[in-house]
Amino acid sequence: AEEIARASDRIACMVMATSDLISDLHARPTLERTAIRTSLSWVVLAARAYGRAVIDGIHSDLKDMQAFEYACRIGRDMGFDGKSLVHPFQLPYANDAYTPKPAEVENAKEIIEALSQANKAGRGTVLVNVNLVEPHHVTAAKRFLLLSDMIKEL
């Protein structure tokens with residue numbers, strides 16, 4: 001994954017071929033994606049190390065939308081930027097998983113403001129809703145808000 005991610009500055013995005021990977025591993029697709037979790041993590045790490053976006057692979061069971069939705073949420077929580085789709089009826093589920101919710105947007109704003117105020121008071125960290133907030137959380141919150149704004153413009 002790292003070799004691909006660093007191969008060229010022209011690479012903007014990496015896309016997982018999860019069905020191919022499962023076949024190559026002689027594995028079986030499972031709800032928890034057990035056989036490919038490590039590979040998914042490696043690709044996300046490589047993509048982020050080289051500033052690339054990364055898209056999770058397809059979900060080939062077109063009848064089990066609960067499993068598809070779950071796969072979208074696993075991918076989102078692992079750090080993927082989106083999900084490959086094979087049919088238009090999957091789009092609402094993927095959009096729901098990857099689109100920031102209003103409460104998440106408000107939390108991101110609160111994180112940015114709270115650390116800004118803490119910095120003005122000479123502190124480098126602050127608690128927001130019982131969670132420790134450090135500068136990297138502000139970076140993530142700003143990225144999250146940018147994503148939210150970009151989605152609103154679509």
# chains A, B, ... in the order shown; residues from 1 in each chain; ligands from 1
$ residues_around --residues "Asn129 of chain A" --least-positions-apart "4" --cutoff "10 Å" --atoms "only C-alpha atoms" --output "PyMOL selection string"
chain A and resi 107+110-111+133
$ write_last_selection --atoms "N, CA, C and O atoms" --output "mmCIF file, in the first residue's frame"
data_model
loop_
_atom_site.group_PDB
_atom_site.id
_atom_site.type_symbol
_atom_site.label_atom_id
_atom_site.label_comp_id
_atom_site.auth_asym_id
_atom_site.auth_seq_id
_atom_site.Cartn_x
_atom_site.Cartn_y
_atom_site.Cartn_z
ATOM 1 N N ASN A 107 -20.203 19.960 17.575
ATOM 2 C CA ASN A 107 -19.101 19.488 18.420
ATOM 3 C C ASN A 107 -17.754 19.939 17.864
ATOM 4 O O ASN A 107 -16.868 20.355 18.618
ATOM 5 N N GLU A 110 -17.290 23.508 18.655
ATOM 6 C CA GLU A 110 -17.014 23.661 20.083
ATOM 7 C C GLU A 110 -15.552 23.318 20.403
ATOM 8 O O GLU A 110 -14.912 24.002 21.203
ATOM 9 N N ILE A 111 -15.036 22.283 19.771
ATOM 10 C CA ILE A 111 -13.636 21.887 19.968
ATOM 11 C C ILE A 111 -12.697 23.012 19.546
ATOM 12 O O ILE A 111 -11.773 23.382 20.273
ATOM 13 N N VAL A 133 -8.937 17.688 24.679
ATOM 14 C CA VAL A 133 -8.755 18.259 23.349
ATOM 15 C C VAL A 133 -7.356 18.839 23.256
ATOM 16 O O VAL A 133 -6.945 19.646 24.099
#
$ closest_atom_pairs --of "segment 66-96 of chain A" --to "segment 20-34 of chain A" --cutoff "8 Å" --atoms "only C-alpha atoms" --output "Markdown table"
| residue | atom | partner | partner_atom | distance |
| --- | --- | --- | --- | --- |
| A:Ala67 | CA | A:Leu31 | CA | 6.3 |
| A:Tyr70 | CA | A:Leu31 | CA | 7.8 |
| A:Ala71 | CA | A:Leu31 | CA | 7.4 |
$ write_last_selection --atoms "all heavy atoms" --output "PDB file, in the first residue's frame"
ATOM      1  N   ALA A  67     -26.279  -4.844   6.284  1.00  0.00           N
ATOM      2  CA  ALA A  67     -24.848  -5.171   6.257  1.00  0.00           C
ATOM      3  C   ALA A  67     -24.080  -4.109   5.482  1.00  0.00           C
ATOM      4  O   ALA A  67     -22.967  -3.732   5.862  1.00  0.00           O
ATOM      5  CB  ALA A  67     -24.623  -6.554   5.654  1.00  0.00           C
ATOM      6  N   TYR A  70     -23.739  -1.083   7.691  1.00  0.00           N
ATOM      7  CA  TYR A  70     -22.749  -1.389   8.723  1.00  0.00           C
ATOM      8  C   TYR A  70     -21.334  -1.294   8.157  1.00  0.00           C
ATOM      9  O   TYR A  70     -20.440  -0.720   8.780  1.00  0.00           O
ATOM     10  CB  TYR A  70     -23.030  -2.769   9.308  1.00  0.00           C
ATOM     11  CG  TYR A  70     -22.177  -3.126  10.497  1.00  0.00           C
ATOM     12  CD1 TYR A  70     -22.244  -2.403  11.680  1.00  0.00           C
ATOM     13  CD2 TYR A  70     -21.304  -4.209  10.446  1.00  0.00           C
ATOM     14  CE1 TYR A  70     -21.471  -2.735  12.782  1.00  0.00           C
ATOM     15  CE2 TYR A  70     -20.521  -4.548  11.536  1.00  0.00           C
ATOM     16  CZ  TYR A  70     -20.609  -3.812  12.694  1.00  0.00           C
ATOM     17  OH  TYR A  70     -19.840  -4.145  13.780  1.00  0.00           O
ATOM     18  N   ALA A  71     -21.142  -1.828   6.951  1.00  0.00           N
ATOM     19  CA  ALA A  71     -19.822  -1.748   6.301  1.00  0.00           C
ATOM     20  C   ALA A  71     -19.432  -0.288   6.063  1.00  0.00           C
ATOM     21  O   ALA A  71     -18.263   0.083   6.237  1.00  0.00           O
ATOM     22  CB  ALA A  71     -19.822  -2.535   4.992  1.00  0.00           C
TER      23      ALA A  71
END
$ select_by_dssp --residues "chain A" --states "strand (DSSP E or B)" --output "VMD selection string"
chain A and resid 13 to 15 53 to 56 82 to 83 126 to 128 131 to 133
$ write_last_selection --atoms "N, CA and C atoms" --output "short mmCIF file (atom, residue, chain, number, x, y, z; two decimals), in the first residue's frame"
data_model
loop_
_atom_site.label_atom_id
_atom_site.label_comp_id
_atom_site.auth_asym_id
_atom_site.auth_seq_id
_atom_site.Cartn_x
_atom_site.Cartn_y
_atom_site.Cartn_z
N CYS A 13 -6.15 9.65 -4.86
CA CYS A 13 -7.04 8.79 -4.10
C CYS A 13 -6.68 7.33 -4.33
N MET A 14 -6.81 6.56 -3.27
CA MET A 14 -6.62 5.10 -3.36
C MET A 14 -7.98 4.45 -3.12
N VAL A 15 -8.27 3.42 -3.89
CA VAL A 15 -9.55 2.72 -3.78
C VAL A 15 -9.26 1.25 -3.49
N ALA A 53 -6.55 10.68 -0.44
CA ALA A 53 -7.88 10.24 -0.03
C ALA A 53 -7.92 8.72 -0.18
N VAL A 54 -8.88 8.10 0.48
CA VAL A 54 -8.98 6.64 0.40
C VAL A 54 -10.45 6.22 0.46
N ILE A 55 -10.83 5.37 -0.48
CA ILE A 55 -12.21 4.92 -0.62
C ILE A 55 -12.29 3.43 -0.34
N ASP A 56 -13.24 3.05 0.48
CA ASP A 56 -13.47 1.65 0.82
C ASP A 56 -14.09 0.93 -0.38
N GLY A 82 -14.92 7.53 1.87
CA GLY A 82 -16.16 7.18 1.20
C GLY A 82 -16.19 5.70 0.89
N LYS A 83 -17.22 5.29 0.18
CA LYS A 83 -17.46 3.88 -0.11
C LYS A 83 -17.75 3.72 -1.60
N VAL A 126 -7.61 21.32 26.71
CA VAL A 126 -8.87 21.69 27.37
C VAL A 126 -9.78 20.46 27.33
N LEU A 127 -10.74 20.42 28.25
CA LEU A 127 -11.76 19.37 28.22
C LEU A 127 -12.99 19.89 27.50
N VAL A 128 -13.51 19.09 26.58
CA VAL A 128 -14.77 19.39 25.90
C VAL A 128 -15.64 18.15 26.03
N ASN A 131 -13.91 15.08 27.15
CA ASN A 131 -12.83 14.58 26.30
C ASN A 131 -11.69 15.59 26.25
N LEU A 132 -10.47 15.09 26.40
CA LEU A 132 -9.29 15.93 26.30
C LEU A 132 -9.13 16.39 24.86
N VAL A 133 -8.94 17.69 24.68
CA VAL A 133 -8.75 18.26 23.35
C VAL A 133 -7.36 18.84 23.26
#
$ closest_residue --among "A:Ala121, A:Ala46, A:Ala108, A:Met65" --to "Tyr93 of chain A" --atoms "only C-alpha atoms"
A:Met65
$ closest_residue --among "A:Glu134, A:Ile11, A:Ala103, A:Ala97" --to "Leu115 of chain A" --atoms "only C-alpha atoms"
A:Glu134
$ closest_residue --among "A:Ala7, A:Ile112, A:Leu154, A:Ile74" --to "His137 of chain A" --atoms "only C-alpha atoms"
A:Ile112
$ residues_around --residues "Leu147 of chain A" --least-positions-apart "4" --cutoff "9 Å" --atoms "only C-alpha atoms" --output "list in words"
Thr99, Pro100, Lys142, Arg143, Ile151 and Lys152 of chain A
$ select_by_dssp --residues "segment 1-153 of chain A" --states "alpha helix (DSSP H)" --output "ChimeraX atom specification"
/A:2-5,18-24,37-49,65-78,91-98,102-120,135-153
$ atom_distance --atom1 "atom CA of Ile4 of chain A" --atom2 "atom CA of Cys72 of chain A"
23.7 Å
$ residues_around --residues "His59 of chain A" --least-positions-apart "6" --cutoff "8 Å" --atoms "only C-alpha atoms" --output "number ranges by chain"
A: 19, 68, 71, 84-86
$ write_last_selection --atoms "N, CA and C atoms" --output "short mmCIF file (atom, residue, chain, number, x, y, z; two decimals), in the first residue's frame"
data_model
loop_
_atom_site.label_atom_id
_atom_site.label_comp_id
_atom_site.auth_asym_id
_atom_site.auth_seq_id
_atom_site.Cartn_x
_atom_site.Cartn_y
_atom_site.Cartn_z
N SER A 19 -13.38 -6.94 -2.68
CA SER A 19 -13.85 -8.24 -3.16
C SER A 19 -12.69 -9.05 -3.72
N PHE A 68 -24.66 -3.61 4.40
CA PHE A 68 -24.00 -2.54 3.63
C PHE A 68 -23.84 -1.29 4.48
N ALA A 71 -21.14 -1.83 6.95
CA ALA A 71 -19.82 -1.75 6.30
C ALA A 71 -19.43 -0.29 6.06
N SER A 84 -17.14 2.72 -2.21
CA SER A 84 -17.45 2.38 -3.59
C SER A 84 -18.85 1.77 -3.65
N LEU A 85 -19.60 2.12 -4.68
CA LEU A 85 -20.96 1.62 -4.82
C LEU A 85 -21.09 0.84 -6.12
N VAL A 86 -21.99 -0.13 -6.12
CA VAL A 86 -22.25 -0.89 -7.34
C VAL A 86 -23.67 -0.68 -7.85
#
$ closest_residue --among "A:Ala12, A:Val44, A:Ala94, A:Val105" --to "Met78 of chain A" --atoms "only C-alpha atoms"
A:Val44
$ atom_distance --atom1 "atom CA of Ser41 of chain A" --atom2 "atom CA of Ala17 of chain A"
13.6 Å
$ atom_distance --atom1 "atom CA of Phe89 of chain A" --atom2 "atom CA of Phe144 of chain A"
25.8 Å
